[in-house]
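Text of the file final38.txt, holding compact mmCIF, C-alpha atoms:
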```txt
# COMPACT_ATOMS: atom_id res chain seq x y z
CA MET Y 29 -32.16 -40.16 84.01
CA GLU Y 30 -32.05 -41.02 87.74
CA LYS Y 31 -34.36 -38.87 89.85
CA SER Y 32 -32.88 -37.36 93.03
CA THR Y 33 -34.62 -37.90 96.33
CA GLU Y 34 -33.98 -35.84 99.43
CA ILE Y 35 -35.60 -34.50 102.57
CA CYS Y 36 -36.64 -30.87 102.87
CA GLY Y 37 -38.43 -28.70 105.38
CA TYR Y 38 -42.19 -28.98 105.48
CA SER Y 39 -43.40 -26.31 107.92
CA LEU Y 40 -42.20 -24.21 110.86
CA THR Y 41 -42.41 -27.34 113.04
CA GLU Y 42 -38.83 -28.60 113.48
CA THR Y 43 -39.79 -32.26 112.97
CA HIS Y 44 -42.06 -31.81 109.93
CA VAL Y 45 -40.24 -32.89 106.77
CA ALA Y 46 -41.18 -33.76 103.23
CA ILE Y 47 -39.60 -35.91 100.53
CA LYS Y 48 -38.42 -34.06 97.46
CA GLY Y 49 -38.53 -36.46 94.56
CA TYR Y 50 -39.85 -40.01 94.42
CA GLY Y 51 -39.60 -41.76 97.75
CA TYR Y 52 -41.18 -42.96 100.98
CA PHE Y 53 -40.55 -43.03 104.70
CA LEU Y 54 -40.45 -46.43 106.39
CA VAL Y 55 -43.20 -46.65 108.99
CA SER Y 56 -45.05 -49.13 111.19
CA ASP Y 57 -48.50 -49.13 112.73
CA THR Y 58 -47.19 -49.95 116.20
CA ALA Y 59 -44.18 -49.00 118.36
CA ASP Y 60 -43.73 -52.62 119.50
CA GLU Y 61 -40.53 -53.87 117.84
CA ASP Y 62 -41.72 -57.50 118.04
CA GLU Y 63 -45.16 -56.86 116.56
CA LYS Y 64 -44.47 -54.18 113.96
CA GLU Y 65 -44.61 -54.64 110.20
CA LEU Y 66 -42.82 -52.14 107.97
CA SER Y 67 -44.72 -50.25 105.31
CA LEU Y 68 -44.22 -47.13 103.20
CA SER Y 69 -45.59 -43.63 103.66
CA PRO Y 70 -45.00 -40.29 101.91
CA ILE Y 71 -46.24 -38.34 104.94
CA GLY Y 72 -43.57 -36.70 107.11
CA THR Y 73 -45.57 -34.68 109.64
CA TRP Y 74 -43.60 -36.20 112.53
CA GLU Y 75 -44.43 -35.10 116.03
CA GLU Y 76 -43.33 -36.51 119.37
CA ASN Y 77 -46.09 -37.94 121.52
CA LYS Y 78 -46.20 -38.21 125.32
CA GLN Y 79 -44.46 -41.59 125.21
CA GLY Y 80 -41.55 -40.13 123.20
CA TYR Y 81 -42.42 -41.81 119.89
CA PHE Y 82 -42.50 -39.93 116.57
CA ARG Y 83 -45.74 -40.33 114.60
CA ASN Y 84 -47.23 -38.51 111.64
CA HIS Y 85 -50.70 -37.00 111.74
CA ILE Y 86 -52.36 -40.22 110.57
CA GLY Y 87 -50.75 -42.26 113.37
CA GLN Y 88 -47.88 -44.00 111.57
CA TYR Y 89 -44.67 -44.55 113.56
CA LEU Y 90 -41.40 -43.40 111.99
CA ASN Y 91 -38.65 -46.02 111.72
CA VAL Y 92 -35.00 -44.89 111.70
CA VAL Y 93 -31.40 -46.03 111.89
CA TYR Y 94 -29.94 -45.27 115.33
CA LEU Y 95 -26.37 -43.91 115.24
CA ASP Y 96 -23.40 -44.15 117.60
CA ASP Y 97 -21.20 -41.19 118.59
CA ASP Y 98 -19.24 -41.58 115.33
CA GLY Y 99 -22.38 -41.33 113.22
CA LEU Y 100 -22.38 -45.04 112.29
CA PRO Y 101 -25.35 -47.42 112.63
CA LEU Y 102 -25.64 -48.98 116.08
CA ILE Y 103 -26.99 -52.19 114.61
CA LYS Y 104 -25.14 -53.70 111.65
CA SER Y 105 -27.19 -56.43 110.02
CA PRO Y 106 -28.36 -57.49 106.56
CA ASP Y 107 -31.85 -57.76 108.05
CA LEU Y 108 -33.68 -54.49 107.41
CA ASN Y 109 -36.11 -55.13 110.27
CA ALA Y 110 -33.18 -55.44 112.71
CA VAL Y 111 -31.46 -52.25 111.55
CA LEU Y 112 -34.60 -50.11 111.52
CA GLN Y 113 -36.16 -49.20 114.86
CA VAL Y 114 -39.09 -47.03 115.86
CA ALA Y 115 -37.91 -43.47 116.47
CA SER Y 116 -38.11 -42.57 120.15
CA SER Y 117 -36.56 -40.10 122.59
CA LYS Y 118 -37.32 -42.20 125.69
CA SER Y 119 -33.73 -43.21 126.44
CA LEU Y 120 -32.01 -39.95 125.53
CA SER Y 121 -29.92 -38.22 128.17
CA TYR Y 122 -26.60 -36.37 128.25
CA SER Y 123 -24.13 -37.18 131.02
CA SER Y 124 -22.05 -34.42 132.55
CA LYS Y 125 -18.42 -33.85 131.63
CA PRO Y 126 -16.12 -32.35 134.28
CA THR Y 127 -14.00 -29.32 133.51
CA THR Y 128 -10.42 -30.36 132.68
CA ARG Y 129 -8.96 -27.18 131.15
CA ILE Y 130 -9.23 -23.42 131.61
CA SER Y 131 -7.54 -21.18 129.01
CA PHE Y 132 -6.76 -17.51 129.64
CA ARG Y 133 -6.54 -14.79 127.02
CA GLY Y 134 -6.07 -11.07 127.11
CA ARG Y 135 -3.64 -8.30 127.90
CA LEU Y 136 -2.05 -7.32 131.20
CA SER Y 137 -0.59 -3.82 131.31
CA PRO Y 138 3.01 -3.44 132.58
CA THR Y 139 1.99 -0.03 133.96
CA ALA Y 140 -0.86 -1.37 136.10
CA SER Y 141 -1.04 -0.23 139.73
CA LEU Y 142 1.01 -2.41 142.06
CA GLY Y 143 -1.06 -4.56 144.41
CA TRP Y 144 -4.36 -3.84 142.66
CA PRO Y 145 -6.06 -7.08 141.49
CA TYR Y 146 -7.82 -7.49 138.18
CA ILE Y 147 -10.58 -10.06 138.50
CA THR Y 148 -12.19 -12.36 135.98
CA ASN Y 149 -14.43 -15.35 136.61
CA THR Y 150 -16.10 -18.37 135.09
CA SER Y 151 -18.02 -21.51 136.02
CA VAL Y 152 -16.60 -25.03 136.13
CA ILE Y 153 -18.12 -28.52 136.42
CA ASP Y 154 -16.87 -30.82 139.19
CA SER Y 155 -16.46 -34.62 139.17
CA LEU Y 156 -20.14 -35.08 140.17
CA GLY Y 157 -21.41 -32.86 137.37
CA ILE Y 158 -22.19 -29.88 139.63
CA LYS Y 159 -21.52 -26.34 138.44
CA HIS Y 160 -19.42 -23.96 140.59
CA ALA Y 161 -18.18 -20.40 140.23
CA LEU Y 162 -14.47 -19.55 140.35
CA ASN Y 163 -12.80 -16.15 140.61
CA PHE Y 164 -9.32 -15.45 139.19
CA TYR Y 165 -7.10 -12.63 140.46
CA PHE Y 166 -4.26 -11.05 138.47
CA THR Y 167 -2.22 -8.68 140.65
CA CYS Y 168 0.79 -6.73 139.36
CA ILE Y 169 3.69 -7.17 141.82
CA SER Y 170 6.67 -5.78 139.89
CA TYR Y 171 7.23 -3.25 137.10
CA GLY Y 172 10.81 -4.17 136.21
CA THR Y 173 10.31 -7.87 135.54
CA PHE Y 174 6.67 -7.75 134.51
CA GLN Y 175 5.60 -10.07 137.30
CA TRP Y 176 2.00 -10.84 138.17
CA LEU Y 177 0.53 -12.90 141.00
CA PHE Y 178 -2.25 -15.19 139.85
CA GLY Y 179 -4.68 -16.55 142.44
CA VAL Y 180 -7.90 -18.58 142.48
CA ALA Y 181 -10.80 -18.31 144.92
CA ALA Y 182 -14.19 -19.99 145.21
CA PRO Y 183 -17.19 -18.06 146.55
CA GLU Y 184 -18.40 -21.26 148.25
CA SER Y 185 -17.11 -21.22 151.82
CA GLY Y 186 -15.13 -24.29 152.89
CA THR Y 187 -13.90 -25.24 149.43
CA ASP Y 188 -10.23 -26.29 149.48
CA ILE Y 189 -7.95 -24.98 146.70
CA ASP Y 190 -4.44 -26.46 146.64
CA SER Y 191 -1.14 -24.58 146.47
CA PRO Y 192 0.12 -22.60 144.66
CA TYR Y 193 -3.21 -21.13 143.56
CA ASP Y 194 -4.66 -20.60 147.04
CA GLN Y 195 -1.93 -18.07 147.92
CA GLY Y 196 -1.01 -17.08 144.39
CA MET Y 197 1.38 -18.21 141.66
CA VAL Y 198 3.85 -15.87 139.96
CA ILE Y 199 3.51 -15.38 136.20
CA GLU Y 200 6.34 -13.51 134.50
CA PHE Y 201 6.64 -11.86 131.09
CA ASP Y 202 9.74 -10.78 129.18
CA ASN Y 203 10.53 -7.27 127.89
CA SER Y 204 8.54 -8.02 124.73
CA GLY Y 205 5.45 -8.80 126.78
CA LEU Y 206 5.59 -12.54 126.04
CA LEU Y 207 5.01 -15.21 128.68
CA SER Y 208 8.38 -16.33 130.08
CA LEU Y 209 7.81 -18.08 133.43
CA THR Y 210 4.95 -19.75 135.32
CA ASN Y 211 5.55 -20.67 138.96
CA GLY Y 212 9.25 -19.90 138.50
CA THR Y 213 9.88 -22.27 135.59
CA ARG Y 214 9.80 -22.21 131.78
CA SER Y 215 7.68 -25.35 131.74
CA ALA Y 216 5.01 -25.42 129.07
CA ASN Y 217 2.51 -26.51 131.71
CA ALA Y 218 1.55 -24.58 134.84
CA PRO Y 219 0.72 -26.65 137.96
CA LEU Y 220 -2.65 -28.38 137.93
CA LEU Y 221 -5.45 -26.65 139.79
CA ASN Y 222 -6.72 -29.12 142.40
CA ILE Y 223 -9.98 -28.33 144.18
CA LYS Y 224 -12.05 -30.20 146.77
CA TRP Y 225 -15.54 -28.76 146.84
CA TYR Y 226 -17.45 -28.30 150.09
CA PRO Y 227 -19.72 -29.83 151.29
CA SER Y 228 -20.14 -32.55 148.59
CA GLY Y 229 -16.49 -33.65 148.58
CA ALA Y 230 -16.48 -33.58 144.78
CA THR Y 231 -13.13 -32.78 143.18
CA SER Y 232 -11.72 -30.94 140.20
CA GLN Y 233 -8.30 -31.35 138.58
CA ILE Y 234 -7.86 -28.71 135.93
CA ILE Y 235 -5.10 -27.80 133.48
CA MET Y 236 -4.37 -24.06 133.68
CA ASP Y 237 -3.49 -22.84 130.21
CA PHE Y 238 -1.85 -19.39 130.09
CA GLY Y 239 -0.27 -19.93 126.70
CA VAL Y 240 3.04 -21.16 125.28
CA ILE Y 241 6.27 -19.81 126.74
CA GLY Y 242 7.72 -17.23 124.35
CA GLU Y 243 4.51 -16.80 122.38
CA GLY Y 244 1.79 -14.17 122.66
CA ARG Y 245 -1.30 -15.92 121.38
CA GLN Y 246 -3.04 -16.00 124.77
CA LEU Y 247 -1.79 -13.84 127.66
CA ARG Y 248 0.49 -10.87 126.96
CA CYS Y 249 1.88 -8.04 129.06
CA LEU Y 250 1.92 -4.82 127.06
CA GLY Y 251 -0.06 -1.64 126.46
CA SER Y 252 -1.50 0.93 128.78
CA THR Y 253 -4.65 -0.93 129.85
CA THR Y 254 -5.44 -4.39 131.20
CA GLN Y 255 -8.10 -6.23 129.22
CA LEU Y 256 -8.91 -9.82 130.16
CA GLU Y 257 -11.26 -12.00 128.15
CA THR Y 258 -13.67 -14.45 129.75
CA PRO Y 259 -11.68 -17.67 130.30
CA GLU Y 260 -12.41 -20.55 127.93
CA VAL Y 261 -13.64 -23.60 129.85
CA ASP Y 262 -14.53 -27.13 128.77
CA GLY Y 263 -17.02 -29.46 130.47
CA TYR Y 264 -20.77 -29.24 130.91
CA GLU Y 265 -23.56 -30.17 133.29
CA ALA Y 266 -25.74 -33.20 132.80
CA GLY Y 267 -28.44 -32.40 130.29
CA ILE Y 268 -32.13 -33.24 130.26
CA TYR Y 269 -33.59 -34.02 126.86
CA ALA Y 270 -35.62 -31.06 125.59
CA ARG Y 271 -36.63 -31.71 121.97
CA THR Y 272 -35.60 -33.15 118.60
CA THR Y 273 -34.90 -31.35 115.34
CA ILE Y 274 -34.57 -32.93 111.89
CA ASP Y 275 -32.18 -31.52 109.29
CA GLU Y 276 -32.20 -31.81 105.49
CA GLU Y 277 -30.01 -34.92 105.60
CA GLY Y 278 -32.67 -36.65 107.67
CA CYS Y 279 -30.57 -36.56 110.83
CA MET Y 280 -32.50 -36.47 114.10
CA CYS Y 281 -30.69 -34.23 116.57
CA ALA Y 282 -31.49 -34.16 120.30
CA GLN Y 283 -31.32 -30.78 122.03
CA TYR Y 284 -30.52 -30.77 125.77
CA THR Y 285 -31.07 -28.30 128.61
CA ASN Y 286 -27.30 -27.88 129.09
CA GLY Y 287 -26.97 -26.41 125.59
CA GLU Y 288 -25.45 -29.55 124.09
CA GLN Y 289 -26.87 -31.33 121.06
CA ARG Y 290 -26.29 -34.77 119.57
CA ILE Y 291 -27.34 -36.54 116.39
CA TYR Y 292 -28.81 -39.88 117.45
CA ALA Y 293 -30.62 -41.25 114.40
CA GLN Y 294 -31.04 -40.88 110.66
CA ILE Y 295 -34.17 -41.27 108.59
CA PRO Y 296 -33.70 -43.62 105.59
CA ILE Y 297 -35.74 -42.98 102.45
CA LEU Y 298 -37.03 -45.73 100.19
CA SER Y 299 -36.78 -44.28 96.69
CA PHE Y 300 -37.27 -45.14 93.04
CA SER Y 301 -34.13 -44.57 90.98
CA ASN Y 302 -36.23 -45.52 87.96
CA ALA Y 303 -39.68 -46.87 87.35
CA ASP Y 304 -38.68 -50.49 87.91
CA LYS Y 305 -36.10 -50.25 90.66
CA LEU Y 306 -36.75 -49.62 94.36
CA THR Y 307 -33.75 -48.77 96.58
CA ILE Y 308 -33.03 -47.48 100.07
CA ASN Y 309 -30.98 -44.29 100.00
CA PRO Y 310 -27.75 -44.90 101.88
CA TRP Y 311 -27.50 -42.92 105.09
CA LYS Y 312 -24.37 -40.87 105.60
CA ALA Y 313 -22.16 -41.16 108.68
CA LYS Y 314 -22.35 -37.84 110.45
CA ALA Y 315 -20.66 -37.15 113.79
```

Could you spell out this file's structure in structure tokens?
Amino acid sequence: MEKSTEICGYSLTETHVAIKGYGYFLVSDTADEDEKELSLSPIGTWEENKQGYFRNHIGQYLNVVYLDDDGLPLIKSPDLNAVLQVASSKSLSYSSKPTTRISFRGRLSPTASLGWPYITNTSVIDSLGIKHALNFYFTCISYGTFQWLFGVAAPESGTDIDSPYDQGMVIEFDNSGLLSLTNGTRSANAPLLNIKWYPSGATSQIIMDFGVIGEGRQLRCLGSTTQLETPEVDGYEAGIYARTTIDEEGCMCAQYTNGEQRIYAQIPILSFSNADKLTINPWKAKA
């Protein structure tokens, strides 16, 4: 019967792992890719040293398969020495992603006081990867047609917000409380929010998502109280590498200071399927 081999947790240290079953990690006695020679080790007490390399407590360097963003090996070669590289965090970083969409959810009351703004806010990331605060104002302007004026403001003085959001855009709901008009039209898309940030000159061009015309899955106008949820925003700041964790599939996952995480490598295991046969467990693609 074929014996199963897998990785399991070893201690409270996030990079300590053990092999369950009959198998070995692939290691080298140096981090130099040109000088290293691969050997086998059952010891998985991996810890990151000051140079960013992962070694066990007896000084062996872990060798791994580096993965692309789709979870596939970066190097595709029949040569095992070419595919396997010494595990290191030295080149890990996470570029920023600008905010491209803001989605609004909640309930606006048709009996709200005229002219009294309801305010919600969030943070967005500009084209240079810088975080900024934005305030959103919902002001009831008409009972009969369920009209609200939606405006955007930035606390940073000198920032330029394009029309119609600088002065306010009318959002209208029907008698059932469903979204019916944005900026005077039944278009599925409201105008883009264009911002030029001061003093950097960085820009933002953001889709404003209030929901689908005639549907009530996001913004609605009904009930006796106004309750707005925190807007959903995409994008993130550039991240600085913080640490690595290893899961039970042998995936090495980088954690970043911006809250993002990314699997960047997988640990292959050399295992015995029977007493006479030595095989490398296939690594799984994992996005």

**Request:** Check the smallest atom-to-atom distance from each of Y:Thr258, Y:Thr148, Y:Asn109, Y:Gln289 to Phe166 of chain Y using all atoms listed in the file, then report the winner.
**Result:**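 Ranking Y:Thr258, Y:Thr148, Y:Asn109, Y:Gln289 by distance to Phe166 of chain Y, first place goes to Y:Thr148.
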
Exercise for the section: Give me, please, the distance in Å between atom CA of Glu42 of chain Y and atom CA of Trp74 of chain Y, quoted to one decimal. Expected result: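 Pair atom CA of Glu42 of chain Y / atom CA of Trp74 of chain Y returns 9.0 Å.
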
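Environment of (-17.6, -17.6, 134.2): residues at most 12 Å away, judged by all atoms listed in the file, are Ile130, Ser131, Phe132, Ile147, Thr148, Asn149, Thr150, Ser151, Val152, Ile153, Lys159, His160, Ala161, Leu162, Asn163, Phe164, Ala182, Glu257, Thr258, Pro259, Glu260, Val261 and Asp262 of chain Y.
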
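Comparing the minimum interatomic distances between Ser124 of chain Y and each of Y:Leu90, Y:Ala181, Y:Ile158, Y:Ser137, counting all atoms listed in the file, we find that Y:Ile158 sits nearest.
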
Restricting to only C-alpha atoms, whichever of Y:Ala282, Y:Leu54, Y:Ala293, Y:Leu68 is closest to Ala270 of chain Y is Y:Ala282

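Ranking Y:Glu75, Y:Leu207, Y:Asp154, Y:Ala218 by their shortest atom-to-atom distance to Gln246 of chain Y, with all atoms listed in the file included, puts Y:Leu207 first.
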
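The residue that comes closest to Ile169 of chain Y, out of Y:Ser299, Y:Ser117, Y:Ser141, Y:Ser228 and on the basis of all atoms listed in the file, is Y:Ser141.
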
Just the number, please: distance in Å from atom CA of Asn91 of chain Y to atom CA of Gly287 of chain Y, one decimal.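 One can read the atom CA of Asn91 of chain Y to atom CA of Gly287 of chain Y distance as 26.7 Å.
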
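In terms of minimum interatomic distance to Pro219 of chain Y, Y:Ile234 ranks closest within Y:Ile47, Y:Leu142, Y:Ala266, Y:Ile234, counting only C-alpha atoms.
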
Would you compute, for all listed atoms of segment 193-205 of chain Y, the axis-aligned bounding box grown by 3 Å on each side, and then report its centre and edge lengths in Å rounded to one decimal, as AutoDock Vina command-line options?
```
--center_x 2.9 --center_y -14.2 --center_z 136.3 --size_x 21.2 --size_y 19.9 --size_z 29.2
```

Correct to one decimal, the distance atom CA of Asp188 of chain Y-atom CA of Arg135 of chain Y is 28.9 Å

8 Å contact set for Thr285 of chain Y, all atoms listed in the file, chain neighbours under 2 positions out, as a ChimeraX atom specification:
/Y:267-270,283,287-288

Could you give me, as a PDB file with C-alpha atoms, in the frame of the given file, the residues that sit within 6 Å of (-49.5, -46.7, 111.5) in the file's coordinates, counting only C-alpha atoms?
```pdb
ATOM      1  CA  SER Y  56     -45.050 -49.130 111.190  1.00  0.00           C
ATOM      2  CA  ASP Y  57     -48.500 -49.130 112.730  1.00  0.00           C
ATOM      3  CA  GLY Y  87     -50.750 -42.260 113.370  1.00  0.00           C
ATOM      4  CA  GLN Y  88     -47.880 -44.000 111.570  1.00  0.00           C
ATOM      5  CA  TYR Y  89     -44.670 -44.550 113.560  1.00  0.00           C
TER       6      TYR Y  89
END
```
